[in-house]
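Everything below belongs to upload-v9.cif, which stores mmCIF, C-alpha atoms.
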data_protein
#
loop_
_atom_site.group_PDB
_atom_site.id
_atom_site.type_symbol
_atom_site.label_atom_id
_atom_site.label_comp_id
_atom_site.auth_asym_id
_atom_site.auth_seq_id
_atom_site.Cartn_x
_atom_site.Cartn_y
_atom_site.Cartn_z
ATOM 1 C CA MET O 1 0.000 0.000 0.000
ATOM 2 C CA GLY O 2 1.927 2.991 -1.341
ATOM 3 C CA GLY O 3 5.209 1.260 -0.525
ATOM 4 C CA GLN O 4 4.581 1.518 3.207
ATOM 5 C CA LYS O 5 5.202 -1.460 5.415
ATOM 6 C CA ARG O 6 1.883 -2.778 6.702
ATOM 7 C CA SER O 7 1.699 -2.868 10.476
ATOM 8 C CA GLN O 8 0.564 -6.018 12.210
ATOM 9 C CA PRO O 9 -2.509 -5.931 14.446
ATOM 10 C CA THR O 10 -2.422 -6.296 18.206
ATOM 11 C CA GLY O 11 -2.309 -10.033 18.948
ATOM 12 C CA TYR O 12 0.014 -10.787 16.031
ATOM 13 C CA LEU O 13 2.817 -13.096 17.166
ATOM 14 C CA ALA O 14 5.970 -11.946 15.408
ATOM 15 C CA GLU O 15 7.944 -15.003 16.464
ATOM 16 C CA SER O 16 5.529 -17.398 14.781
ATOM 17 C CA GLY O 17 4.144 -15.194 12.033
ATOM 18 C CA LYS O 18 0.600 -16.024 13.136
ATOM 19 C CA PHE O 19 -2.321 -14.054 14.485
ATOM 20 C CA LYS O 20 -3.550 -15.250 17.864
ATOM 21 C CA TYR O 21 -7.264 -14.804 18.498
ATOM 22 C CA GLU O 22 -8.574 -14.200 21.984
ATOM 23 C CA LYS O 23 -12.097 -14.844 23.169
ATOM 24 C CA CYS O 24 -14.270 -11.921 22.088
ATOM 25 C CA LYS O 25 -15.591 -9.558 24.745
ATOM 26 C CA VAL O 26 -19.284 -8.770 24.208
ATOM 27 C CA VAL O 27 -20.815 -5.506 25.431
ATOM 28 C CA ALA O 28 -24.600 -5.330 25.843
ATOM 29 C CA GLU O 29 -25.349 -1.640 25.246
ATOM 30 C CA ILE O 30 -28.410 -1.056 27.419
ATOM 31 C CA GLY O 31 -27.966 2.691 27.027
ATOM 32 C CA CYS O 32 -31.307 4.315 27.812
ATOM 33 C CA ASN O 33 -33.407 1.232 27.098
ATOM 34 C CA HIS O 34 -34.106 1.089 30.842
ATOM 35 C CA MET O 35 -36.537 3.995 30.251
ATOM 36 C CA GLY O 36 -35.534 5.658 33.513
ATOM 37 C CA ASP O 37 -36.483 2.631 35.638
ATOM 38 C CA LEU O 38 -33.674 1.315 37.871
ATOM 39 C CA ASN O 39 -35.422 -2.023 38.344
ATOM 40 C CA LEU O 40 -35.711 -2.466 34.582
ATOM 41 C CA ALA O 41 -32.011 -1.576 34.277
ATOM 42 C CA LYS O 42 -31.176 -4.379 36.704
ATOM 43 C CA GLU O 43 -33.451 -6.777 34.866
ATOM 44 C CA LEU O 44 -31.677 -5.962 31.610
ATOM 45 C CA MET O 45 -28.293 -6.500 33.268
ATOM 46 C CA LYS O 46 -29.411 -9.943 34.449
ATOM 47 C CA LEU O 47 -30.771 -10.808 30.997
ATOM 48 C CA ALA O 48 -27.495 -9.663 29.425
ATOM 49 C CA LYS O 49 -25.508 -11.767 31.885
ATOM 50 C CA ASP O 50 -27.696 -14.818 31.241
ATOM 51 C CA SER O 51 -27.205 -14.265 27.495
ATOM 52 C CA GLY O 52 -23.429 -14.465 27.945
ATOM 53 C CA ALA O 53 -22.403 -10.802 27.661
ATOM 54 C CA THR O 54 -19.209 -9.699 29.385
ATOM 55 C CA TYR O 55 -20.328 -6.127 30.083
ATOM 56 C CA ALA O 56 -23.604 -4.265 30.511
ATOM 57 C CA LYS O 57 -23.165 -0.664 29.394
ATOM 58 C CA PHE O 58 -25.237 2.443 30.059
ATOM 59 C CA GLN O 59 -24.995 6.155 29.191
ATOM 60 C CA LYS O 60 -24.405 9.273 31.297
ATOM 61 C CA ARG O 61 -25.278 12.805 30.221
ATOM 62 C CA CYS O 62 -25.596 16.162 31.925
ATOM 63 C CA ALA O 63 -28.375 17.529 29.738
ATOM 64 C CA LYS O 64 -27.974 21.173 30.775
ATOM 65 C CA GLU O 65 -24.265 21.063 29.972
ATOM 66 C CA LEU O 66 -24.625 19.139 26.736
ATOM 67 C CA LEU O 67 -27.592 20.984 25.233
ATOM 68 C CA THR O 68 -28.089 24.641 24.364
ATOM 69 C CA ASP O 69 -31.128 26.355 25.877
ATOM 70 C CA GLU O 70 -32.838 26.122 22.514
ATOM 71 C CA GLN O 71 -32.145 22.379 22.213
ATOM 72 C CA TYR O 72 -33.180 21.787 25.822
ATOM 73 C CA ASN O 73 -36.530 23.518 25.444
ATOM 74 C CA LYS O 74 -37.519 22.109 22.058
ATOM 75 C CA PRO O 75 -39.959 19.185 21.936
ATOM 76 C CA HIS O 76 -38.584 15.712 21.226
ATOM 77 C CA PRO O 77 -38.345 15.248 17.421
ATOM 78 C CA VAL O 78 -40.256 11.958 17.723
ATOM 79 C CA PRO O 79 -43.089 12.588 20.218
ATOM 80 C CA HIS O 80 -43.946 8.894 20.440
ATOM 81 C CA ASN O 81 -40.539 8.212 22.023
ATOM 82 C CA ALA O 82 -40.579 11.215 24.388
ATOM 83 C CA PHE O 83 -40.390 10.862 28.167
ATOM 84 C CA GLY O 84 -40.828 14.594 28.784
ATOM 85 C CA SER O 85 -42.529 17.689 27.391
ATOM 86 C CA THR O 86 -39.215 19.026 26.023
ATOM 87 C CA TYR O 87 -36.118 17.264 24.747
ATOM 88 C CA GLY O 88 -34.222 18.403 27.839
ATOM 89 C CA ALA O 89 -36.916 17.049 30.163
ATOM 90 C CA HIS O 90 -36.866 13.812 28.163
ATOM 91 C CA ARG O 91 -33.112 13.487 28.652
ATOM 92 C CA GLU O 92 -33.342 14.310 32.383
ATOM 93 C CA PHE O 93 -36.004 11.626 32.860
ATOM 94 C CA LEU O 94 -33.678 8.979 31.407
ATOM 95 C CA GLU O 95 -30.663 9.888 33.559
ATOM 96 C CA PHE O 96 -29.513 7.925 36.586
ATOM 97 C CA SER O 97 -27.603 9.619 39.400
ATOM 98 C CA VAL O 98 -24.049 8.723 40.361
ATOM 99 C CA GLU O 99 -25.453 6.738 43.292
ATOM 100 C CA GLN O 100 -27.771 4.788 41.002
ATOM 101 C CA HIS O 101 -24.932 3.998 38.606
ATOM 102 C CA ARG O 102 -22.850 2.821 41.549
ATOM 103 C CA GLU O 103 -25.768 0.632 42.596
ATOM 104 C CA LEU O 104 -25.796 -0.887 39.102
ATOM 105 C CA TRP O 105 -22.022 -1.426 39.304
ATOM 106 C CA ASN O 106 -22.495 -3.250 42.608
ATOM 107 C CA TYR O 107 -25.407 -5.245 41.236
ATOM 108 C CA GLY O 108 -23.244 -6.360 38.325
ATOM 109 C CA LYS O 109 -20.640 -7.642 40.777
ATOM 110 C CA GLU O 110 -23.364 -9.593 42.596
ATOM 111 C CA ILE O 111 -24.672 -11.362 39.480
ATOM 112 C CA GLY O 112 -21.405 -11.719 37.541
ATOM 113 C CA ILE O 113 -21.422 -9.070 34.808
ATOM 114 C CA GLU O 114 -19.284 -5.942 34.593
ATOM 115 C CA TRP O 115 -20.765 -2.411 34.434
ATOM 116 C CA ALA O 116 -19.607 0.338 32.098
ATOM 117 C CA THR O 117 -21.035 3.516 30.624
ATOM 118 C CA SER O 118 -20.609 6.029 27.835
ATOM 119 C CA VAL O 119 -20.036 9.624 28.918
ATOM 120 C CA TRP O 120 -21.123 12.629 26.867
ATOM 121 C CA ASP O 121 -19.678 15.643 28.693
ATOM 122 C CA VAL O 122 -17.076 16.779 31.231
ATOM 123 C CA THR O 123 -19.421 16.641 34.224
ATOM 124 C CA SER O 124 -20.534 13.102 33.404
ATOM 125 C CA ALA O 125 -16.942 11.972 32.830
ATOM 126 C CA ARG O 126 -15.831 13.336 36.197
ATOM 127 C CA GLU O 127 -18.827 11.728 37.903
ATOM 128 C CA MET O 128 -18.305 8.296 36.340
ATOM 129 C CA ILE O 129 -14.566 8.056 36.996
ATOM 130 C CA LYS O 130 -15.489 7.877 40.678
ATOM 131 C CA ILE O 131 -16.765 4.372 40.020
ATOM 132 C CA PRO O 132 -13.843 1.899 39.718
ATOM 133 C CA CYS O 133 -14.936 0.510 36.354
ATOM 134 C CA ASP O 134 -12.788 -1.234 33.754
ATOM 135 C CA PHE O 135 -13.609 1.188 30.963
ATOM 136 C CA LEU O 136 -15.562 4.267 29.975
ATOM 137 C CA LYS O 137 -16.673 4.906 26.420
ATOM 138 C CA VAL O 138 -16.764 8.032 24.266
ATOM 139 C CA PRO O 139 -19.708 7.943 21.827
ATOM 140 C CA SER O 140 -19.193 8.897 18.198
ATOM 141 C CA ALA O 141 -20.988 12.203 18.768
ATOM 142 C CA CYS O 142 -18.414 13.319 21.352
ATOM 143 C CA ASN O 143 -15.072 12.003 20.121
ATOM 144 C CA ASN O 144 -14.040 15.553 19.185
ATOM 145 C CA HIS O 145 -14.832 16.866 22.685
ATOM 146 C CA PHE O 146 -11.199 17.209 23.752
ATOM 147 C CA GLU O 147 -11.955 18.820 27.087
ATOM 148 C CA MET O 148 -13.808 15.626 28.009
ATOM 149 C CA LEU O 149 -11.140 13.422 26.421
ATOM 150 C CA LYS O 150 -8.535 15.168 28.567
ATOM 151 C CA VAL O 151 -10.470 14.227 31.717
ATOM 152 C CA LEU O 152 -10.597 10.593 30.608
ATOM 153 C CA ARG O 153 -6.945 10.568 29.573
ATOM 154 C CA ASP O 154 -5.485 12.363 32.584
ATOM 155 C CA GLU O 155 -7.867 11.655 35.475
ATOM 156 C CA PHE O 156 -9.315 8.199 34.710
ATOM 157 C CA LYS O 157 -7.203 5.074 35.243
ATOM 158 C CA GLY O 158 -9.187 2.552 33.183
ATOM 159 C CA ILE O 159 -9.374 1.837 29.459
ATOM 160 C CA VAL O 160 -10.931 4.482 27.196
ATOM 161 C CA HIS O 161 -13.130 3.207 24.343
ATOM 162 C CA VAL O 162 -13.864 5.567 21.448
ATOM 163 C CA SER O 163 -16.450 5.055 18.681
ATOM 164 C CA THR O 164 -15.749 6.469 15.213
ATOM 165 C CA GLY O 165 -19.182 6.798 13.599
ATOM 166 C CA MET O 166 -19.701 10.053 11.626
ATOM 167 C CA THR O 167 -15.962 10.747 12.088
ATOM 168 C CA THR O 168 -13.345 11.679 9.492
ATOM 169 C CA LYS O 169 -9.982 9.937 9.192
ATOM 170 C CA LYS O 170 -8.287 13.107 10.404
ATOM 171 C CA GLU O 171 -10.544 13.248 13.452
ATOM 172 C CA ILE O 172 -9.645 9.633 14.317
ATOM 173 C CA GLU O 173 -5.964 10.467 13.928
ATOM 174 C CA ASP O 174 -6.396 13.483 16.179
ATOM 175 C CA VAL O 175 -7.837 11.300 18.962
ATOM 176 C CA VAL O 176 -5.006 8.770 18.702
ATOM 177 C CA LYS O 177 -2.358 11.498 18.674
ATOM 178 C CA PHE O 178 -3.986 13.106 21.714
ATOM 179 C CA PHE O 179 -3.460 9.906 23.710
ATOM 180 C CA GLU O 180 0.002 9.446 22.215
ATOM 181 C CA GLU O 181 1.009 12.828 23.653
ATOM 182 C CA THR O 182 1.165 11.147 27.067
ATOM 183 C CA ASP O 183 2.234 7.748 25.699
ATOM 184 C CA GLN O 184 -1.088 6.147 26.658
ATOM 185 C CA ALA O 185 -2.615 5.125 23.308
ATOM 186 C CA LYS O 186 -0.956 1.689 23.234
ATOM 187 C CA THR O 187 -2.064 0.780 26.724
ATOM 188 C CA ARG O 188 -5.388 2.578 27.225
ATOM 189 C CA LEU O 189 -7.127 3.358 23.923
ATOM 190 C CA VAL O 190 -9.658 1.115 22.135
ATOM 191 C CA ILE O 191 -10.959 2.332 18.762
ATOM 192 C CA TYR O 192 -14.296 1.098 17.397
ATOM 193 C CA ASN O 193 -15.312 0.755 13.776
ATOM 194 C CA CYS O 194 -18.858 2.130 13.726
ATOM 195 C CA THR O 195 -21.476 3.620 11.410
ATOM 196 C CA SER O 196 -23.937 5.973 13.085
ATOM 197 C CA GLY O 197 -27.435 4.977 11.983
ATOM 198 C CA TYR O 198 -30.427 3.184 13.531
ATOM 199 C CA PRO O 199 -30.544 0.655 11.989
ATOM 200 C CA VAL O 200 -27.619 0.590 9.519
ATOM 201 C CA PRO O 201 -28.112 -1.189 6.155
ATOM 202 C CA PHE O 202 -25.475 -3.850 5.539
ATOM 203 C CA LYS O 203 -23.994 -1.906 2.622
ATOM 204 C CA ASP O 204 -23.227 0.961 5.016
ATOM 205 C CA VAL O 205 -21.594 -1.112 7.765
ATOM 206 C CA CYS O 206 -18.280 -0.848 5.858
ATOM 207 C CA MET O 207 -16.670 -3.652 7.833
ATOM 208 C CA LEU O 208 -13.394 -3.449 5.926
ATOM 209 C CA GLU O 209 -12.730 -0.193 7.742
ATOM 210 C CA LEU O 210 -11.427 -2.553 10.437
ATOM 211 C CA VAL O 211 -8.675 -3.577 8.028
ATOM 212 C CA ARG O 212 -7.773 0.061 7.441
ATOM 213 C CA LEU O 213 -7.816 0.770 11.173
ATOM 214 C CA TYR O 214 -5.428 -2.141 11.733
ATOM 215 C CA GLU O 215 -3.126 -0.888 9.021
ATOM 216 C CA GLU O 216 -3.074 2.575 10.582
ATOM 217 C CA TYR O 217 -3.349 1.817 14.291
ATOM 218 C CA GLY O 218 -2.654 -1.872 14.908
ATOM 219 C CA LEU O 219 0.610 -1.016 16.650
ATOM 220 C CA ARG O 220 -0.476 2.362 18.000
ATOM 221 C CA VAL O 221 -3.574 1.618 20.082
ATOM 222 C CA HIS O 222 -4.447 -0.974 22.709
ATOM 223 C CA GLU O 223 -7.171 -2.805 20.780
ATOM 224 C CA LEU O 224 -9.727 -2.424 18.000
ATOM 225 C CA ALA O 225 -13.444 -3.146 18.267
ATOM 226 C CA PHE O 226 -16.773 -3.057 16.435
ATOM 227 C CA SER O 227 -20.007 -1.335 17.448
ATOM 228 C CA GLY O 228 -22.907 -2.507 15.303
ATOM 229 C CA HIS O 229 -26.297 -0.921 14.706
ATOM 230 C CA HIS O 230 -27.356 -3.371 11.993
ATOM 231 C CA LEU O 231 -30.045 -6.051 12.048
ATOM 232 C CA GLY O 232 -29.237 -9.680 12.836
ATOM 233 C CA ILE O 233 -26.018 -11.189 14.153
ATOM 234 C CA SER O 234 -24.208 -12.719 11.180
ATOM 235 C CA ILE O 235 -21.797 -9.920 10.303
ATOM 236 C CA ASP O 236 -20.523 -9.510 13.864
ATOM 237 C CA ILE O 237 -18.646 -12.744 13.217
ATOM 238 C CA ALA O 238 -16.912 -11.051 10.295
ATOM 239 C CA ALA O 239 -15.844 -8.205 12.592
ATOM 240 C CA TYR O 240 -14.335 -10.677 15.040
ATOM 241 C CA ALA O 241 -12.580 -12.610 12.268
ATOM 242 C CA LEU O 242 -11.117 -9.302 11.024
ATOM 243 C CA GLY O 243 -9.622 -8.717 14.448
ATOM 244 C CA ALA O 244 -12.174 -6.868 16.593
ATOM 245 C CA LYS O 245 -11.495 -7.778 20.219
ATOM 246 C CA TRP O 246 -14.797 -6.265 21.374
ATOM 247 C CA ILE O 247 -18.287 -6.486 19.893
ATOM 248 C CA GLU O 248 -20.903 -4.010 21.141
ATOM 249 C CA ARG O 249 -24.628 -4.334 20.367
ATOM 250 C CA HIS O 250 -27.638 -2.446 21.684
ATOM 251 C CA PHE O 251 -29.716 -4.645 23.986
ATOM 252 C CA THR O 252 -33.328 -4.712 25.170
ATOM 253 C CA LYS O 253 -35.867 -7.255 26.365
ATOM 254 C CA ASP O 254 -38.498 -6.163 23.833
ATOM 255 C CA ARG O 255 -37.775 -4.358 20.558
ATOM 256 C CA THR O 256 -41.292 -2.890 20.484
ATOM 257 C CA MET O 257 -40.879 -0.910 23.717
ATOM 258 C CA LYS O 258 -40.997 2.891 23.785
ATOM 259 C CA GLY O 259 -37.723 4.602 22.964
ATOM 260 C CA THR O 260 -35.303 5.425 20.169
ATOM 261 C CA ASP O 261 -32.899 2.472 20.420
ATOM 262 C CA HIS O 262 -35.139 -0.544 21.067
ATOM 263 C CA ALA O 263 -35.821 -1.254 17.384
ATOM 264 C CA ALA O 264 -32.082 -1.445 16.597
ATOM 265 C CA SER O 265 -31.336 -3.645 19.624
ATOM 266 C CA LEU O 266 -30.909 -7.371 20.156
ATOM 267 C CA GLU O 267 -33.270 -9.205 22.465
ATOM 268 C CA PRO O 268 -31.938 -11.915 24.845
ATOM 269 C CA ALA O 269 -32.370 -14.747 22.323
ATOM 270 C CA GLY O 270 -30.417 -12.823 19.689
ATOM 271 C CA LEU O 271 -27.642 -11.803 22.064
ATOM 272 C CA GLY O 272 -27.362 -15.363 23.339
ATOM 273 C CA LYS O 273 -26.973 -16.683 19.796
ATOM 274 C CA LEU O 274 -24.374 -14.023 19.031
ATOM 275 C CA VAL O 275 -22.300 -15.005 22.082
ATOM 276 C CA ARG O 276 -22.671 -18.673 21.125
ATOM 277 C CA ASP O 277 -21.531 -18.038 17.546
ATOM 278 C CA LEU O 278 -18.601 -15.854 18.607
ATOM 279 C CA ASP O 279 -17.478 -18.586 20.998
ATOM 280 C CA ALA O 280 -17.723 -21.211 18.241
ATOM 281 C CA THR O 281 -15.753 -18.939 15.922
ATOM 282 C CA PHE O 282 -13.070 -18.430 18.583
ATOM 283 C CA HIS O 283 -12.566 -22.186 18.907
ATOM 284 C CA SER O 284 -12.436 -22.590 15.114
ATOM 285 C CA LEU O 285 -9.854 -19.876 14.399
ATOM 286 C CA THR O 286 -6.764 -22.037 14.866
ATOM 287 C CA TYR O 287 -4.120 -23.722 12.754
ATOM 288 C CA LYS O 288 -3.867 -27.490 12.507
ATOM 289 C CA ALA O 289 -1.646 -28.884 15.255
ATOM 290 C CA THR O 290 -0.682 -31.783 12.980
ATOM 291 C CA GLU O 291 -1.041 -32.344 9.253
ATOM 292 C CA ILE O 292 -3.633 -35.037 9.900
ATOM 293 C CA LEU O 293 -5.793 -34.517 12.973
ATOM 294 C CA ASP O 294 -6.600 -37.465 15.222
ATOM 295 C CA LEU O 295 -10.280 -37.330 14.309
ATOM 296 C CA GLU O 296 -9.310 -37.558 10.599
ATOM 297 C CA ASN O 297 -7.259 -40.753 10.908
ATOM 298 C CA GLU O 298 -10.193 -43.150 10.853
ATOM 299 C CA GLN O 299 -11.690 -41.418 7.813
ATOM 300 C CA ARG O 300 -8.309 -41.312 6.101
ATOM 301 C CA ASP O 301 -7.828 -45.048 6.580
ATOM 302 C CA LYS O 302 -11.309 -45.743 5.262
ATOM 303 C CA LEU O 303 -11.748 -43.207 2.474
ATOM 304 C CA LYS O 304 -8.432 -41.886 1.244
ATOM 305 C CA PHE O 305 -7.698 -42.843 -2.361
ATOM 306 C CA ARG O 306 -4.882 -45.361 -2.688
ATOM 307 C CA LYS O 307 -3.144 -46.091 -5.937
ATOM 308 C CA THR O 308 -2.726 -49.845 -6.440
ATOM 309 C CA GLU O 309 -0.441 -51.522 -8.959
ATOM 310 C CA LYS O 310 -2.168 -53.474 -11.697
ATOM 311 C CA VAL O 311 -1.344 -57.168 -11.813
ATOM 312 C CA ASN O 312 -0.374 -58.458 -15.291
ATOM 313 C CA ALA O 313 -2.706 -61.352 -15.915
ATOM 314 C CA CYS O 314 -0.825 -62.442 -19.071
ATOM 315 C CA THR O 315 1.532 -65.389 -18.764
ATOM 316 C CA GLU O 316 4.337 -66.344 -21.091
#

Please re-express this file's structure in C-alpha cells.
Amino acid sequence: MGGQKRSQPTGYLAESGKFKYEKCKVVAEIGCNHMGDLNLAKELMKLAKDSGATYAKFQKRCAKELLTDEQYNKPHPVPHNAFGSTYGAHREFLEFSVEQHRELWNYGKEIGIEWATSVWDVTSAREMIKIPCDFLKVPSACNNHFEMLKVLRDEFKGIVHVSTGMTTKKEIEDVVKFFEETDQAKTRLVIYNCTSGYPVPFKDVCMLELVRLYEEYGLRVHELAFSGHHLGISIDIAAYALGAKWIERHFTKDRTMKGTDHAASLEPAGLGKLVRDLDATFHSLTYKATEILDLENEQRDKLKFRKTEKVNACTE
C-alpha cells in the first residue's frame, strides 16, 4: 500500500508469524433502554448476563451542559418516544444519578457481569470516573470533545473506548495522537469501527474499515473493536474474524418498547446466539496442530484414495 510497510494488528505473534485470536468480549449496550427505571435496568443487566455478555453498558449525560437552551426547550423530534414535554426534560427523565450507577455497578458484581457507561460531557466523565470501572466509552458524537477526552486521559485510570461513527480519518488520527502525547494510546485506547445509523443497512456497515484501522493503528492503540447498529447477528462474526477484540450491540428485552434504540437492539435470544456463535468462531480460528488430525485418521484409513499396482494377468 503505497510502498509503506503494513503494520501487524495487536495479537500478532511476530515469532511465529501467526495471528492469535482471543475470546471476544461482548458488550450489551443497554444505554437508555431502561426507560428511567432502575429495576428495569437491573433486569436488563441480568438478561445480558444470562445471554453471555461480558459487560452491561449504560450512558451518562448532563443535559444542561450538553444541550443549548434552545435544544433543551424544544420538543422531542419523535413525540412517540418522548419521556418529557421538552427534549431536555426527556433526557433528564432517562438519567440515573451517580449513586444509582454505583448501585448498578455493585449489582453487576453480585450477578457476575461488569458495568460500564458512555459519557457525553465533562461533568458526566468526572462523575463516572469515581466508580472503579474497567472502561468508559466516548460515543461517536463526542469524540471531538477534547476537554472531556482530557479528563478521561489524565484523570481516569481505566481503558478508554472511542467510537468512530460520523468521524473523518483526520478526526480519528487526532484522537489517537492526543493519547500518544502522554504515551497512553498503546495501553489505554480502544478504537471502534462504527457507522452511526439506527438501523444501519449492511452496505453501510463498511466492515473493511477494520482492516484500514489495523493498518493505521494496529501497533499504535491498545485494541480495535466493532459497534454494530445493523439487524441480525451474522456480520458480527466477520468483525471478530477481522480482528475486533470487542463487539458491542444495543440490547433490550423487547424491541417494540418505547424509545429510540429498542428497534435497533438485540433481544436476549439474539444476544445469546451471538455469544454462542462468537465462541464457536473463537474455537475454530486455529491452525492445525498436525497435518492429519486425530479425528481424521479413521476417515483417512477408510476413504483416502490409494493407488494400487495393476497385476499383469498375461503369462508367457

Go ahead and compute the interatomic distance for atom CA of Leu189 of chain O and atom CA of Phe135 of chain O, in Å to one decimal.
9.8 Å

Grab the atom CA of Gly259 of chain O to atom CA of Val27 of chain O distance for me, in Å with one decimal place.
19.9 Å

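Note that the spacing between atom CA of Arg249 of chain O and atom CA of Trp115 of chain O amounts to 14.7 Å.
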
Which residues, written as a count of residues only, have at least one atom at most 12 Å from Arg188 of chain O, with only C-alpha atoms counted and residues fewer than 3 positions away on the same chain left out?
28

Of the candidates O:Gly52, O:Gly31, O:Pro77, O:Pro201, which shows the shortest atom-to-atom distance to Pro139 of chain O, using all atoms listed in the file?
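Nearest to Pro139 of chain O: O:Gly31.
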
Select, from O:Arg212, O:Lys46, O:Lys57, O:Lys177, the residue with the minimum atom-to-atom distance to Ile111 of chain O, counting all atoms listed in the file.
O:Lys46

Apply the PyMOL selection byres ((chain O and resi 81-84) around 12) to the displayed file and report the matching residues as a PyMOL selection string.
chain O and resi 32-37+72-80+85-95+256-263

Once the PyMOL selection byres ((chain O and resi 107) around 12) has been applied to the shown file, what residues remain in the selection, as a ChimeraX atom specification?
/O:38-39,41-46,49,56,100-106,108-115

Selection from above, C-alpha atoms, as a PDB file, keeping the file's coordinate frame, can you write it?
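Listed below is the output, result17.pdb:
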ATOM      1  CA  LEU O  38     -33.674   1.315  37.871  1.00  0.00           C
ATOM      2  CA  ASN O  39     -35.422  -2.023  38.344  1.00  0.00           C
ATOM      3  CA  ALA O  41     -32.011  -1.576  34.277  1.00  0.00           C
ATOM      4  CA  LYS O  42     -31.176  -4.379  36.704  1.00  0.00           C
ATOM      5  CA  GLU O  43     -33.451  -6.777  34.866  1.00  0.00           C
ATOM      6  CA  LEU O  44     -31.677  -5.962  31.610  1.00  0.00           C
ATOM      7  CA  MET O  45     -28.293  -6.500  33.268  1.00  0.00           C
ATOM      8  CA  LYS O  46     -29.411  -9.943  34.449  1.00  0.00           C
ATOM      9  CA  LYS O  49     -25.508 -11.767  31.885  1.00  0.00           C
ATOM     10  CA  ALA O  56     -23.604  -4.265  30.511  1.00  0.00           C
ATOM     11  CA  GLN O 100     -27.771   4.788  41.002  1.00  0.00           C
ATOM     12  CA  HIS O 101     -24.932   3.998  38.606  1.00  0.00           C
ATOM     13  CA  ARG O 102     -22.850   2.821  41.549  1.00  0.00           C
ATOM     14  CA  GLU O 103     -25.768   0.632  42.596  1.00  0.00           C
ATOM     15  CA  LEU O 104     -25.796  -0.887  39.102  1.00  0.00           C
ATOM     16  CA  TRP O 105     -22.022  -1.426  39.304  1.00  0.00           C
ATOM     17  CA  ASN O 106     -22.495  -3.250  42.608  1.00  0.00           C
ATOM     18  CA  GLY O 108     -23.244  -6.360  38.325  1.00  0.00           C
ATOM     19  CA  LYS O 109     -20.640  -7.642  40.777  1.00  0.00           C
ATOM     20  CA  GLU O 110     -23.364  -9.593  42.596  1.00  0.00           C
ATOM     21  CA  ILE O 111     -24.672 -11.362  39.480  1.00  0.00           C
ATOM     22  CA  GLY O 112     -21.405 -11.719  37.541  1.00  0.00           C
ATOM     23  CA  ILE O 113     -21.422  -9.070  34.808  1.00  0.00           C
ATOM     24  CA  GLU O 114     -19.284  -5.942  34.593  1.00  0.00           C
ATOM     25  CA  TRP O 115     -20.765  -2.411  34.434  1.00  0.00           C
TER      26      TRP O 115
END

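Residues matched by the PyMOL selection byres ((chain O and resi 145) around 12) in this file: O:Leu66, O:Val119, O:Trp120, O:Asp121, O:Val122, O:Ala125, O:Val138, O:Pro139, O:Ser140, O:Ala141, O:Cys142, O:Asn143, O:Asn144, O:Phe146, O:Glu147, O:Met148, O:Leu149, O:Lys150, O:Val151, O:Leu152, O:Val162, O:Glu171, O:Asp174, O:Val175, O:Phe178.
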
For Leu231 of chain O, work out the shell of residues within 8 Å, counting all atoms listed in the file and skipping chain neighbours fewer than 5 positions away, then give it as a list in words.
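Residues near the query, excluding close chain neighbours: Pro199, Val200, Pro201 and Ala264 of chain O.
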